[in-house]
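Engineer: Structure: coords_35.cif, mmCIF, C-alpha atoms and all ligand atoms.
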```cif
data_target
loop_
_atom_site.label_atom_id
_atom_site.label_comp_id
_atom_site.auth_asym_id
_atom_site.auth_seq_id
_atom_site.Cartn_x
_atom_site.Cartn_y
_atom_site.Cartn_z
CA MET N 1 177.62 -104.64 31.32
CA GLU N 2 180.46 -102.67 32.82
CA ARG N 3 182.90 -104.02 30.29
CA ILE N 4 180.68 -102.80 27.47
CA ASN N 5 180.50 -99.35 29.02
CA ILE N 6 184.23 -99.14 29.38
CA HIS N 7 184.64 -100.34 25.84
CA GLN N 8 182.18 -97.77 24.51
CA ASN N 9 183.72 -94.96 26.53
CA THR N 10 187.15 -95.82 25.24
CA ARG N 11 185.89 -95.46 21.70
CA LEU N 12 184.16 -92.18 22.55
CA PHE N 13 187.28 -90.65 24.07
CA THR N 14 189.47 -91.95 21.29
CA LEU N 15 187.18 -90.21 18.81
CA ILE N 16 187.38 -86.95 20.75
CA ASP N 17 191.19 -87.14 20.62
CA LYS N 18 191.07 -87.93 16.93
CA LEU N 19 188.78 -84.96 16.30
CA GLU N 20 191.10 -82.69 18.26
CA GLN N 21 194.13 -83.80 16.27
CA GLU N 22 192.69 -84.18 12.80
CA HIS N 23 189.67 -81.82 12.85
CA SER N 24 187.82 -84.51 10.96
CA LEU N 25 185.81 -87.67 11.56
CA THR N 26 183.79 -89.96 9.30
CA PRO N 27 180.00 -89.50 9.30
CA SER N 28 179.56 -92.70 11.31
CA GLU N 29 182.12 -91.49 13.85
CA TYR N 30 180.24 -88.19 14.23
CA GLU N 31 177.07 -90.18 14.66
CA TYR N 32 178.68 -92.27 17.38
CA LEU N 33 179.86 -89.13 19.17
CA ILE N 34 176.27 -87.85 19.16
CA THR N 35 174.44 -91.04 20.13
CA CYS N 36 176.90 -91.98 22.90
CA ARG N 37 176.98 -88.46 24.34
CA CYS N 38 177.54 -88.40 28.09
CA LYS N 39 178.32 -85.71 30.66
CA GLU N 40 181.98 -86.57 30.80
CA ALA N 41 182.41 -86.40 27.04
CA ALA N 42 180.58 -83.05 26.98
CA GLU N 43 182.95 -81.68 29.60
CA ILE N 44 186.06 -82.87 27.80
CA LEU N 45 184.84 -81.52 24.46
CA ALA N 46 183.97 -78.15 26.03
CA GLU N 47 187.37 -77.93 27.69
CA LYS N 48 189.17 -78.64 24.43
CA ALA N 49 186.93 -76.26 22.49
CA VAL N 50 187.41 -73.43 24.97
CA SER N 51 191.16 -73.85 25.01
CA LEU N 52 191.31 -73.80 21.22
CA ARG N 53 189.11 -70.72 21.04
CA GLN N 54 191.26 -69.11 23.71
CA GLN N 55 194.41 -69.65 21.63
CA ILE N 56 192.87 -67.90 18.64
CA TYR N 57 190.53 -65.29 20.11
CA GLY N 58 191.58 -64.98 23.77
CA ASN N 59 188.73 -63.94 26.07
CA SER N 60 187.05 -61.81 23.45
CA VAL N 61 183.41 -62.21 22.60
CA TYR N 62 182.34 -60.39 19.45
CA ILE N 63 179.03 -58.59 19.26
CA ARG N 64 176.85 -58.25 16.16
CA GLY N 65 173.93 -55.85 16.15
CA LEU N 66 170.92 -57.66 14.70
CA ILE N 67 168.48 -55.48 12.77
CA GLU N 68 165.34 -57.37 11.75
CA ILE N 69 164.40 -55.41 8.65
CA SER N 70 161.18 -57.19 7.61
CA ASN N 71 158.99 -60.10 8.64
CA ILE N 72 157.32 -60.30 5.24
CA CYS N 73 158.34 -63.56 3.59
CA ARG N 74 157.43 -65.34 0.38
CA ASN N 75 158.52 -68.68 1.85
CA ASP N 76 156.53 -71.10 3.90
CA CYS N 77 159.11 -72.99 5.97
CA LEU N 78 157.17 -75.29 8.25
CA TYR N 79 159.10 -74.33 11.40
CA CYS N 80 159.11 -70.56 11.05
CA GLY N 81 156.71 -68.14 12.74
CA ILE N 82 156.95 -65.59 9.92
CA ARG N 83 156.09 -68.12 7.19
CA ARG N 84 153.79 -66.65 4.57
CA SER N 85 150.74 -68.67 5.53
CA ASN N 86 150.75 -67.51 9.15
CA GLN N 87 147.71 -65.23 9.13
CA ASN N 88 148.26 -64.25 12.77
CA CYS N 89 151.58 -62.61 12.07
CA GLU N 90 151.35 -58.83 12.02
CA ARG N 91 153.62 -57.84 9.16
CA TYR N 92 156.09 -54.93 9.10
CA ARG N 93 158.99 -53.65 7.11
CA LEU N 94 161.53 -51.05 8.26
CA THR N 95 162.27 -48.01 6.13
CA ALA N 96 165.82 -47.16 5.09
CA GLU N 97 165.71 -44.31 7.61
CA GLN N 98 164.71 -46.65 10.43
CA ILE N 99 167.50 -49.07 9.53
CA LEU N 100 170.02 -46.22 9.55
CA GLU N 101 168.73 -45.04 12.92
CA CYS N 102 169.34 -48.55 14.30
CA CYS N 103 172.89 -48.38 12.98
CA GLU N 104 173.39 -44.96 14.52
CA GLU N 105 172.30 -46.19 17.91
CA GLY N 106 174.31 -49.38 17.48
CA TYR N 107 177.45 -47.50 16.53
CA TYR N 108 177.09 -45.32 19.60
CA LEU N 109 176.73 -48.48 21.73
CA GLY N 110 179.97 -49.89 20.30
CA PHE N 111 178.73 -52.21 17.56
CA ARG N 112 181.03 -52.52 14.54
CA THR N 113 179.04 -55.19 12.73
CA PHE N 114 175.44 -54.75 11.68
CA VAL N 115 173.44 -57.79 10.62
CA LEU N 116 170.47 -57.02 8.37
CA GLN N 117 168.14 -60.00 8.61
CA GLY N 118 164.68 -60.54 7.26
CA GLY N 119 162.17 -62.67 5.46
CA GLU N 120 162.37 -62.90 1.69
CA ASP N 121 160.50 -59.67 1.10
CA ALA N 122 160.19 -58.62 -2.57
CA PHE N 123 160.26 -54.96 -1.55
CA PHE N 124 163.97 -55.33 -0.80
CA THR N 125 165.19 -55.38 -4.38
CA ASP N 126 168.91 -55.15 -5.11
CA GLU N 127 168.47 -51.46 -5.74
CA VAL N 128 166.85 -50.85 -2.36
CA ILE N 129 169.42 -52.87 -0.42
CA CYS N 130 172.36 -51.43 -2.35
CA GLY N 131 171.10 -47.95 -1.48
CA ILE N 132 170.95 -48.85 2.21
CA LEU N 133 174.36 -50.56 2.09
CA SER N 134 176.08 -47.61 0.51
CA LYS N 135 174.63 -45.24 3.11
CA ILE N 136 175.75 -47.49 5.99
CA LYS N 137 179.21 -47.94 4.49
CA LYS N 138 179.61 -44.21 3.84
CA GLN N 139 178.56 -43.26 7.35
CA TYR N 140 180.41 -46.09 9.13
CA PRO N 141 183.38 -47.13 6.98
CA ASP N 142 184.90 -48.99 9.92
CA CYS N 143 181.90 -51.32 10.23
CA ALA N 144 181.18 -54.69 8.65
CA VAL N 145 177.73 -55.39 7.25
CA THR N 146 176.33 -58.90 7.30
CA LEU N 147 173.26 -59.77 5.28
CA SER N 148 170.84 -62.57 6.13
CA LEU N 149 168.11 -62.18 3.55
CA GLY N 150 167.70 -65.69 2.27
CA GLU N 151 168.03 -67.06 -1.23
CA ARG N 152 168.73 -64.63 -4.08
CA SER N 153 170.27 -64.97 -7.51
CA ARG N 154 174.00 -65.14 -8.06
CA ASP N 155 173.83 -61.71 -9.73
CA SER N 156 172.04 -60.29 -6.77
CA TYR N 157 174.64 -61.63 -4.34
CA GLN N 158 177.28 -60.02 -6.54
CA ARG N 159 175.55 -56.63 -6.63
CA LEU N 160 175.08 -56.56 -2.87
CA PHE N 161 178.71 -57.53 -2.39
CA ASP N 162 179.83 -54.78 -4.76
CA ALA N 163 177.72 -52.31 -2.80
CA GLY N 164 179.70 -53.15 0.32
CA ALA N 165 178.20 -56.19 2.07
CA ASP N 166 181.00 -58.14 3.74
CA ARG N 167 179.33 -61.26 5.08
CA TYR N 168 176.25 -63.37 4.42
CA LEU N 169 174.45 -65.77 6.72
CA LEU N 170 172.37 -68.48 5.13
CA ARG N 171 171.79 -71.48 7.31
CA HIS N 172 171.71 -74.64 5.26
CA GLU N 173 169.07 -75.84 7.83
CA THR N 174 169.94 -79.51 7.27
CA ALA N 175 172.52 -81.22 5.07
CA ASP N 176 170.20 -84.14 4.38
CA TYR N 177 168.01 -83.95 1.28
CA GLU N 178 165.09 -85.92 2.71
CA HIS N 179 165.15 -84.12 6.03
CA TYR N 180 165.18 -80.79 4.16
CA GLN N 181 161.96 -81.82 2.42
CA LYS N 182 160.28 -82.59 5.74
CA LEU N 183 161.01 -79.06 6.96
CA HIS N 184 160.08 -77.15 3.81
CA PRO N 185 157.23 -76.96 1.30
CA PRO N 186 157.73 -78.73 -2.05
CA GLU N 187 158.55 -75.52 -3.92
CA MET N 188 161.69 -75.00 -1.87
CA SER N 189 164.81 -76.78 -3.00
CA PHE N 190 167.65 -78.30 -1.00
CA ARG N 191 169.86 -78.17 -4.08
CA ARG N 192 169.26 -74.45 -4.53
CA ARG N 193 169.96 -73.72 -0.85
CA MET N 194 173.32 -75.47 -1.07
CA GLU N 195 174.09 -73.80 -4.40
CA CYS N 196 173.45 -70.39 -2.82
CA LEU N 197 176.09 -71.12 -0.19
CA GLN N 198 178.61 -71.98 -2.89
CA GLU N 199 177.72 -68.82 -4.82
CA LEU N 200 178.09 -66.65 -1.74
CA ARG N 201 181.52 -68.12 -1.10
CA ALA N 202 182.54 -67.68 -4.75
CA THR N 203 181.36 -64.06 -4.71
CA GLY N 204 183.79 -63.31 -1.91
CA TYR N 205 181.56 -63.09 1.15
CA GLN N 206 182.60 -64.38 4.52
CA THR N 207 179.90 -67.00 4.53
CA GLY N 208 177.86 -68.52 7.34
CA CYS N 209 175.86 -71.73 7.30
CA GLY N 210 174.08 -73.47 10.16
CA PHE N 211 171.14 -75.49 11.35
CA MET N 212 168.61 -75.93 14.12
CA VAL N 213 169.29 -78.50 16.82
CA GLY N 214 166.34 -80.78 17.47
CA SER N 215 164.34 -79.71 14.43
CA PRO N 216 161.43 -82.07 13.78
CA TYR N 217 162.39 -85.54 12.50
CA GLN N 218 166.12 -84.84 12.94
CA THR N 219 168.24 -87.94 13.64
CA ALA N 220 171.80 -88.36 14.86
CA ALA N 221 172.76 -89.52 11.36
CA GLU N 222 171.46 -86.23 9.94
CA LEU N 223 173.34 -84.19 12.54
CA ALA N 224 176.44 -86.15 11.52
CA GLU N 225 175.81 -85.04 7.93
CA ASP N 226 175.56 -81.43 9.13
CA LEU N 227 178.92 -81.77 10.86
CA LYS N 228 180.48 -83.36 7.80
CA PHE N 229 179.12 -80.54 5.65
CA ILE N 230 180.66 -77.96 8.01
CA GLU N 231 183.95 -79.83 7.86
CA ASP N 232 183.90 -79.75 4.05
CA PHE N 233 182.57 -76.23 3.59
CA GLN N 234 184.76 -74.58 6.26
CA PRO N 235 182.38 -71.65 6.81
CA GLU N 236 183.70 -68.42 8.30
CA MET N 237 180.60 -68.37 10.53
CA CYS N 238 178.21 -71.03 11.74
CA GLY N 239 174.86 -70.37 13.42
CA ILE N 240 173.29 -73.18 15.38
CA GLY N 241 170.49 -72.91 17.90
CA PRO N 242 167.75 -75.11 19.29
CA PHE N 243 164.51 -75.46 17.35
CA ILE N 244 161.69 -73.83 19.31
CA PRO N 245 158.08 -74.41 18.22
CA HIS N 246 155.87 -71.52 17.17
CA LYS N 247 152.17 -71.87 17.94
CA ASP N 248 150.96 -70.80 14.48
CA THR N 249 153.02 -73.28 12.47
CA PRO N 250 152.49 -76.93 11.53
CA PHE N 251 155.23 -77.81 14.03
CA CYS N 252 153.42 -76.17 16.96
CA ASN N 253 153.28 -79.39 18.99
CA MET N 254 156.81 -80.56 18.31
CA ALA N 255 159.38 -80.67 21.11
CA ALA N 256 161.99 -77.95 21.41
CA GLY N 257 165.69 -78.68 20.94
CA ASP N 258 167.95 -79.38 23.85
CA VAL N 259 170.46 -76.98 25.49
CA GLU N 260 173.02 -79.67 26.31
CA LEU N 261 173.01 -81.13 22.81
CA THR N 262 173.35 -77.65 21.30
CA CYS N 263 176.36 -76.93 23.53
CA TYR N 264 177.86 -80.33 22.73
CA LEU N 265 177.61 -79.56 19.01
CA LEU N 266 179.09 -76.07 19.50
CA SER N 267 182.17 -77.72 21.05
CA ILE N 268 182.42 -80.22 18.21
CA ILE N 269 182.13 -77.47 15.59
CA ARG N 270 184.92 -75.50 17.30
CA LEU N 271 187.14 -78.60 17.10
CA ILE N 272 186.23 -79.20 13.44
CA HIS N 273 187.04 -75.65 12.36
CA PRO N 274 188.96 -73.81 15.10
CA PRO N 275 188.77 -70.22 13.72
CA VAL N 276 185.02 -70.30 13.01
CA LEU N 277 182.93 -67.41 14.34
CA LEU N 278 180.32 -69.22 16.36
CA PRO N 279 177.40 -67.42 17.99
CA ALA N 280 175.71 -68.35 21.23
CA THR N 281 172.30 -67.65 19.72
CA THR N 282 169.18 -65.91 21.00
CA ALA N 283 167.32 -69.23 20.65
CA LEU N 284 169.79 -70.79 23.09
CA GLY N 285 169.13 -67.91 25.50
CA THR N 286 165.40 -68.44 25.03
CA ILE N 287 165.22 -72.11 26.07
CA ASP N 288 167.56 -71.53 29.02
CA PRO N 289 168.15 -68.20 30.81
CA ASP N 290 171.85 -69.13 31.06
CA GLY N 291 171.95 -70.60 27.56
CA ARG N 292 174.21 -68.00 26.01
CA GLU N 293 176.75 -68.26 28.84
CA LYS N 294 176.67 -72.04 28.46
CA GLY N 295 177.23 -71.62 24.72
CA ILE N 296 180.30 -69.43 25.28
CA LEU N 297 181.63 -71.90 27.85
CA SER N 298 181.25 -74.63 25.22
CA GLY N 299 183.32 -72.81 22.61
CA ALA N 300 181.12 -70.11 21.04
CA ASN N 301 182.60 -66.60 20.66
CA VAL N 302 179.88 -64.34 19.25
CA VAL N 303 176.65 -62.88 20.62
CA MET N 304 174.05 -61.03 18.60
CA PRO N 305 172.05 -58.53 20.66
CA ASN N 306 168.97 -57.07 19.04
CA LEU N 307 169.15 -53.54 17.58
CA SER N 308 165.69 -53.52 15.97
CA PRO N 309 163.26 -50.77 17.00
CA VAL N 310 161.35 -51.96 20.09
CA SER N 311 158.08 -51.32 18.23
CA VAL N 312 158.71 -54.24 15.83
CA ARG N 313 160.63 -56.69 18.00
CA LYS N 314 157.67 -58.76 19.07
CA LYS N 315 156.58 -59.10 15.46
CA TYR N 316 159.79 -60.76 14.32
CA GLU N 317 158.74 -63.91 16.06
CA LEU N 318 160.42 -66.89 14.40
CA TYR N 319 159.56 -68.93 17.51
CA ASN N 320 157.59 -68.29 20.70
CA ASN N 321 158.89 -66.65 23.89
CA LYS N 322 161.85 -64.99 22.18
CA ILE N 323 163.86 -63.04 24.76
CA CYS N 324 164.63 -59.30 24.83
CA THR N 325 161.60 -58.32 22.74
CA GLY N 326 160.66 -55.55 25.18
CA ASP N 327 164.14 -54.19 25.83
CA GLU N 328 165.85 -51.14 24.39
CA SER N 329 169.00 -51.90 22.38
CA ALA N 330 171.17 -50.44 25.14
CA GLN N 331 169.55 -52.78 27.68
CA CYS N 332 170.12 -55.82 25.46
CA LYS N 333 173.75 -54.93 25.05
CA SER N 334 174.49 -54.14 28.68
CA LEU N 335 172.68 -57.29 29.84
CA LEU N 336 174.85 -59.41 27.58
CA ALA N 337 178.02 -57.53 28.56
CA LYS N 338 177.26 -58.30 32.23
CA LYS N 339 176.51 -61.94 31.46
CA MET N 340 179.80 -62.29 29.62
CA GLU N 341 181.76 -60.56 32.39
CA SER N 342 180.19 -62.87 34.96
CA ILE N 343 181.83 -65.86 33.24
CA GLY N 344 185.19 -64.13 32.68
CA TYR N 345 184.74 -62.95 29.09
CA GLU N 346 184.88 -59.53 27.56
CA ILE N 347 182.72 -58.06 24.86
CA VAL N 348 184.97 -56.33 22.36
CA THR N 349 184.35 -53.48 19.98
CA ASP N 350 185.88 -54.35 16.67
CA ARG N 351 184.61 -55.85 13.45
CA GLY N 352 185.69 -59.27 14.63
CA ASP N 353 186.68 -60.77 11.30
CA ILE N 354 187.78 -64.38 11.20
CA LYS N 355 191.33 -64.97 12.45
CA ASN N 356 193.34 -67.76 11.05
CA GLN N 357 196.35 -67.32 13.28
CA ILE N 358 196.79 -68.40 16.84
CA GLU N 359 197.34 -65.27 18.94
CA LYS N 360 200.76 -64.74 20.39
CA THR N 361 200.08 -64.08 24.05
CA SER N 362 201.90 -61.14 25.52
CA HIS N 363 201.76 -62.67 28.98
CA PRO N 364 204.84 -64.67 29.85
CA GLU N 365 204.15 -67.73 32.00
N1 LIG D 401 165.09 -65.48 5.53
C1 LIG D 401 166.45 -65.64 6.04
C2 LIG D 401 166.49 -65.52 7.54
C3 LIG D 401 165.81 -66.66 8.25
S1 LIG D 401 165.56 -66.45 9.96
C4 LIG D 401 166.99 -66.94 5.53
O1 LIG D 401 166.29 -67.68 4.86
O2 LIG D 401 168.16 -67.22 5.77
C5 LIG D 401 167.07 -67.08 10.59
C6 LIG D 401 167.07 -68.51 11.10
O3 LIG D 401 166.16 -68.68 12.16
C7 LIG D 401 166.65 -69.56 10.11
O4 LIG D 401 167.68 -69.86 9.22
C8 LIG D 401 166.28 -70.74 11.02
O5 LIG D 401 167.35 -71.66 11.15
C9 LIG D 401 165.98 -70.06 12.36
N2 LIG D 401 164.61 -70.36 12.79
C10 LIG D 401 163.45 -70.20 12.10
N3 LIG D 401 162.40 -70.69 12.78
C11 LIG D 401 162.90 -71.18 13.95
C12 LIG D 401 162.33 -71.86 15.07
N4 LIG D 401 161.04 -72.12 15.12
N5 LIG D 401 163.15 -72.21 16.08
C13 LIG D 401 164.46 -71.95 16.03
N6 LIG D 401 165.07 -71.34 15.00
C14 LIG D 401 164.30 -70.95 13.96
#
```
Go ahead and render the structure in this file as structure tokens.
Ligand code: SAH

Structural biologist:
Amino acid sequence: MERINIHQNTRLFTLIDKLEQEHSLTPSEYEYLITCRCKEAAEILAEKAVSLRQQIYGNSVYIRGLIEISNICRNDCLYCGIRRSNQNCERYRLTAEQILECCEEGYYLGFRTFVLQGGEDAFFTDEVICGILSKIKKQYPDCAVTLSLGERSRDSYQRLFDAGADRYLLRHETADYEHYQKLHPPEMSFRRRMECLQELRATGYQTGCGFMVGSPYQTAAELAEDLKFIEDFQPEMCGIGPFIPHKDTPFCNMAAGDVELTCYLLSIIRLIHPPVLLPATTALGTIDPDGREKGILSGANVVMPNLSPVSVRKKYELYNNKICTGDESAQCKSLLAKKMESIGYEIVTDRGDIKNQIEKTSHPE
């Protein structure tokens, strides 16, 4: 028995070394890393991930102000609380003025990236979004704008980019075709989702993909495919967070994802693609009050406090028990700043674009 354990552990630690050196594993090696996960491996991976992140980004944690512009959505993703068939969801949409007010407050609080996220709401035509983008860019030329508005046409991505959008977040959700179909209604297409990511990249956006950890029916083999996809796609940003059930969805009785596995995967993703901008997500902070700190200590380097008007926060409920829905933006930001300070990190005020160079430290040994 013991011999087998030693043998397995040797393989596990050899794979971690290989990942550190080559930033690449085969799908079956990723799968092995996931299925044979143990505390010791998690600690070693986190240590390597943190040291790599340190070399590139130092102790800086970037903040992104999240503005949830609409919870009206034409899609019916089985996991999502704002899916179109949820009759209990009280719908809202922010006006351009409200969005600009959020930016104003955010700018004052030190945010230099605004993330406009929402359901796929037909009201937000290219014209409407371009109008909002040009106002934000005119008022705050030193800020980056990230969009997270789902699937649109290639032309639309181009128009929004030309109007000033810098980055686009579109989680691939799962890199496995069959798993994708279990999470989405038949009218949604895995192929189209993946195509959108390629189009965003080709348009010139800094592009973010990502997935939920512990989404229903997910297997280690599928997670391995997600990791392989990230390795191939080399996204500038990657959002991963635990799946959390929402009571008014078909997945209401499914188990939530796991904090430790999410952190383990954050470390692996840092080793796969060292410069990636990797958020410790709100979902991670929701399943564990120390989740975001744990995420940073596993290799993440971004946090995304909420800048939405307090009046709509509760309504943008992708999953139940979402944190910070009653707080003012300033409270959200100062809470996170304190949390980061308590673990020796510093929230920084700059756009926080991807760095491809290792920082030259100014501190001699
Ligand atoms: N309409 C946009 C934004 C989606 S919301 C788009 O399609 O990209 C942002 C992310 O929240 C989703 O990509 C999904 O991965 C995550 N999410 C949705 N429901 C969730 C749940 N129940 N638990 C955890 N994360 C969820």

Engineer: Taking only C-alpha atoms and all ligand atoms into account, list the residues no farther than 6 Å from ligand LIG 401 (chain D), as a PyMOL selection string.

Structural biologist: chain N and resi 79-80+117-120+148-150+170-171+173+211-212+242-246+318-319

Engineer: Tell me which protein, DNA and RNA residues are within 9 Å of region 344-356 of chain N, counting only C-alpha atoms, leaving out same-chain ones fewer than 3 positions away, and put them as an mmCIF file with C-alpha atoms, in the coordinates of the input.

Structural biologist:
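around.cif, written as the output of this step:
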```cif
data_model
loop_
_atom_site.group_PDB
_atom_site.id
_atom_site.type_symbol
_atom_site.label_atom_id
_atom_site.label_comp_id
_atom_site.auth_asym_id
_atom_site.auth_seq_id
_atom_site.Cartn_x
_atom_site.Cartn_y
_atom_site.Cartn_z
ATOM 1 C CA ILE N 56 192.870 -67.900 18.640
ATOM 2 C CA TYR N 57 190.530 -65.290 20.110
ATOM 3 C CA GLY N 58 191.580 -64.980 23.770
ATOM 4 C CA ASN N 59 188.730 -63.940 26.070
ATOM 5 C CA SER N 60 187.050 -61.810 23.450
ATOM 6 C CA VAL N 61 183.410 -62.210 22.600
ATOM 7 C CA TYR N 62 182.340 -60.390 19.450
ATOM 8 C CA ILE N 63 179.030 -58.590 19.260
ATOM 9 C CA ARG N 64 176.850 -58.250 16.160
ATOM 10 C CA GLY N 110 179.970 -49.890 20.300
ATOM 11 C CA PHE N 111 178.730 -52.210 17.560
ATOM 12 C CA ARG N 112 181.030 -52.520 14.540
ATOM 13 C CA THR N 113 179.040 -55.190 12.730
ATOM 14 C CA ASP N 142 184.900 -48.990 9.920
ATOM 15 C CA CYS N 143 181.900 -51.320 10.230
ATOM 16 C CA ALA N 144 181.180 -54.690 8.650
ATOM 17 C CA GLN N 206 182.600 -64.380 4.520
ATOM 18 C CA GLU N 236 183.700 -68.420 8.300
ATOM 19 C CA MET N 237 180.600 -68.370 10.530
ATOM 20 C CA PRO N 274 188.960 -73.810 15.100
ATOM 21 C CA PRO N 275 188.770 -70.220 13.720
ATOM 22 C CA VAL N 276 185.020 -70.300 13.010
ATOM 23 C CA LEU N 277 182.930 -67.410 14.340
ATOM 24 C CA ILE N 296 180.300 -69.430 25.280
ATOM 25 C CA VAL N 302 179.880 -64.340 19.250
ATOM 26 C CA VAL N 303 176.650 -62.880 20.620
ATOM 27 C CA LEU N 336 174.850 -59.410 27.580
ATOM 28 C CA ALA N 337 178.020 -57.530 28.560
ATOM 29 C CA LYS N 339 176.510 -61.940 31.460
ATOM 30 C CA MET N 340 179.800 -62.290 29.620
ATOM 31 C CA GLU N 341 181.760 -60.560 32.390
ATOM 32 C CA GLU N 359 197.340 -65.270 18.940
#
```

Engineer: What lies within 10 Å of Ile69 (chain N) using all atoms listed in the file, ignoring chain neighbours under 2 positions off, as an mmCIF file with C-alpha atoms, in the frame of the given file?

Structural biologist:
```
data_model
loop_
_atom_site.group_PDB
_atom_site.id
_atom_site.type_symbol
_atom_site.label_atom_id
_atom_site.label_comp_id
_atom_site.auth_asym_id
_atom_site.auth_seq_id
_atom_site.Cartn_x
_atom_site.Cartn_y
_atom_site.Cartn_z
ATOM 1 C CA LEU N 66 170.920 -57.660 14.700
ATOM 2 C CA ILE N 67 168.480 -55.480 12.770
ATOM 3 C CA ASN N 71 158.990 -60.100 8.640
ATOM 4 C CA ILE N 72 157.320 -60.300 5.240
ATOM 5 C CA TYR N 92 156.090 -54.930 9.100
ATOM 6 C CA ARG N 93 158.990 -53.650 7.110
ATOM 7 C CA LEU N 94 161.530 -51.050 8.260
ATOM 8 C CA THR N 95 162.270 -48.010 6.130
ATOM 9 C CA ALA N 96 165.820 -47.160 5.090
ATOM 10 C CA GLN N 98 164.710 -46.650 10.430
ATOM 11 C CA ILE N 99 167.500 -49.070 9.530
ATOM 12 C CA VAL N 115 173.440 -57.790 10.620
ATOM 13 C CA LEU N 116 170.470 -57.020 8.370
ATOM 14 C CA GLN N 117 168.140 -60.000 8.610
ATOM 15 C CA GLY N 118 164.680 -60.540 7.260
ATOM 16 C CA GLY N 119 162.170 -62.670 5.460
ATOM 17 C CA ASP N 121 160.500 -59.670 1.100
ATOM 18 C CA PHE N 124 163.970 -55.330 -0.800
ATOM 19 C CA SER N 148 170.840 -62.570 6.130
ATOM 20 C CA LEU N 149 168.110 -62.180 3.550
ATOM 21 C CA SER N 308 165.690 -53.520 15.970
ATOM 22 C CA PRO N 309 163.260 -50.770 17.000
ATOM 23 C CA VAL N 312 158.710 -54.240 15.830
ATOM 24 C CA TYR N 316 159.790 -60.760 14.320
#
```

Engineer: Which of these residues is nearest to Glu199 (chain N), using only C-alpha atoms: N:Arg152, N:Thr125, N:Leu25, N:Gly291?

Structural biologist: N:Arg152

Engineer: Quick one: pull the distance between CA of Leu169 (chain N) and CA of Lys315 (chain N), Å, one decimal.

Structural biologist: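 Atom-to-atom, CA of Leu169 (chain N) to CA of Lys315 (chain N), that is 21.0 Å.
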
Engineer: Generate N, CA and C atoms for region 113-125 of chain N and emit them as a compact mmCIF listing (two decimals), keeping the file's coordinate frame.

Structural biologist:
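The result, written out as out_5.txt:
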```
# COMPACT_ATOMS: atom_id res chain seq x y z
N THR N 113 179.65 -54.33 13.76
CA THR N 113 179.04 -55.19 12.73
C THR N 113 177.53 -55.04 12.84
N PHE N 114 176.90 -54.78 11.71
CA PHE N 114 175.44 -54.75 11.68
C PHE N 114 174.97 -55.93 10.83
N VAL N 115 174.00 -56.66 11.36
CA VAL N 115 173.44 -57.79 10.62
C VAL N 115 172.03 -57.42 10.19
N LEU N 116 171.82 -57.32 8.88
CA LEU N 116 170.47 -57.02 8.37
C LEU N 116 169.81 -58.36 8.03
N GLN N 117 168.82 -58.72 8.84
CA GLN N 117 168.14 -60.00 8.61
C GLN N 117 166.67 -59.78 8.32
N GLY N 118 166.11 -60.65 7.52
CA GLY N 118 164.68 -60.54 7.26
C GLY N 118 164.13 -61.70 6.48
N GLY N 119 162.83 -61.71 6.33
CA GLY N 119 162.17 -62.67 5.46
C GLY N 119 162.51 -62.33 4.02
N GLU N 120 162.13 -63.19 3.10
CA GLU N 120 162.37 -62.90 1.69
C GLU N 120 161.26 -62.00 1.18
N ASP N 121 161.49 -60.71 1.36
CA ASP N 121 160.50 -59.67 1.10
C ASP N 121 160.84 -58.98 -0.23
N ALA N 122 159.92 -59.12 -1.22
CA ALA N 122 160.19 -58.62 -2.57
C ALA N 122 160.44 -57.11 -2.61
N PHE N 123 160.01 -56.40 -1.58
CA PHE N 123 160.26 -54.96 -1.55
C PHE N 123 161.77 -54.67 -1.57
N PHE N 124 162.53 -55.56 -0.90
CA PHE N 124 163.97 -55.33 -0.80
C PHE N 124 164.68 -55.84 -2.04
N THR N 125 164.51 -55.08 -3.12
CA THR N 125 165.19 -55.38 -4.38
C THR N 125 166.68 -55.07 -4.20
```
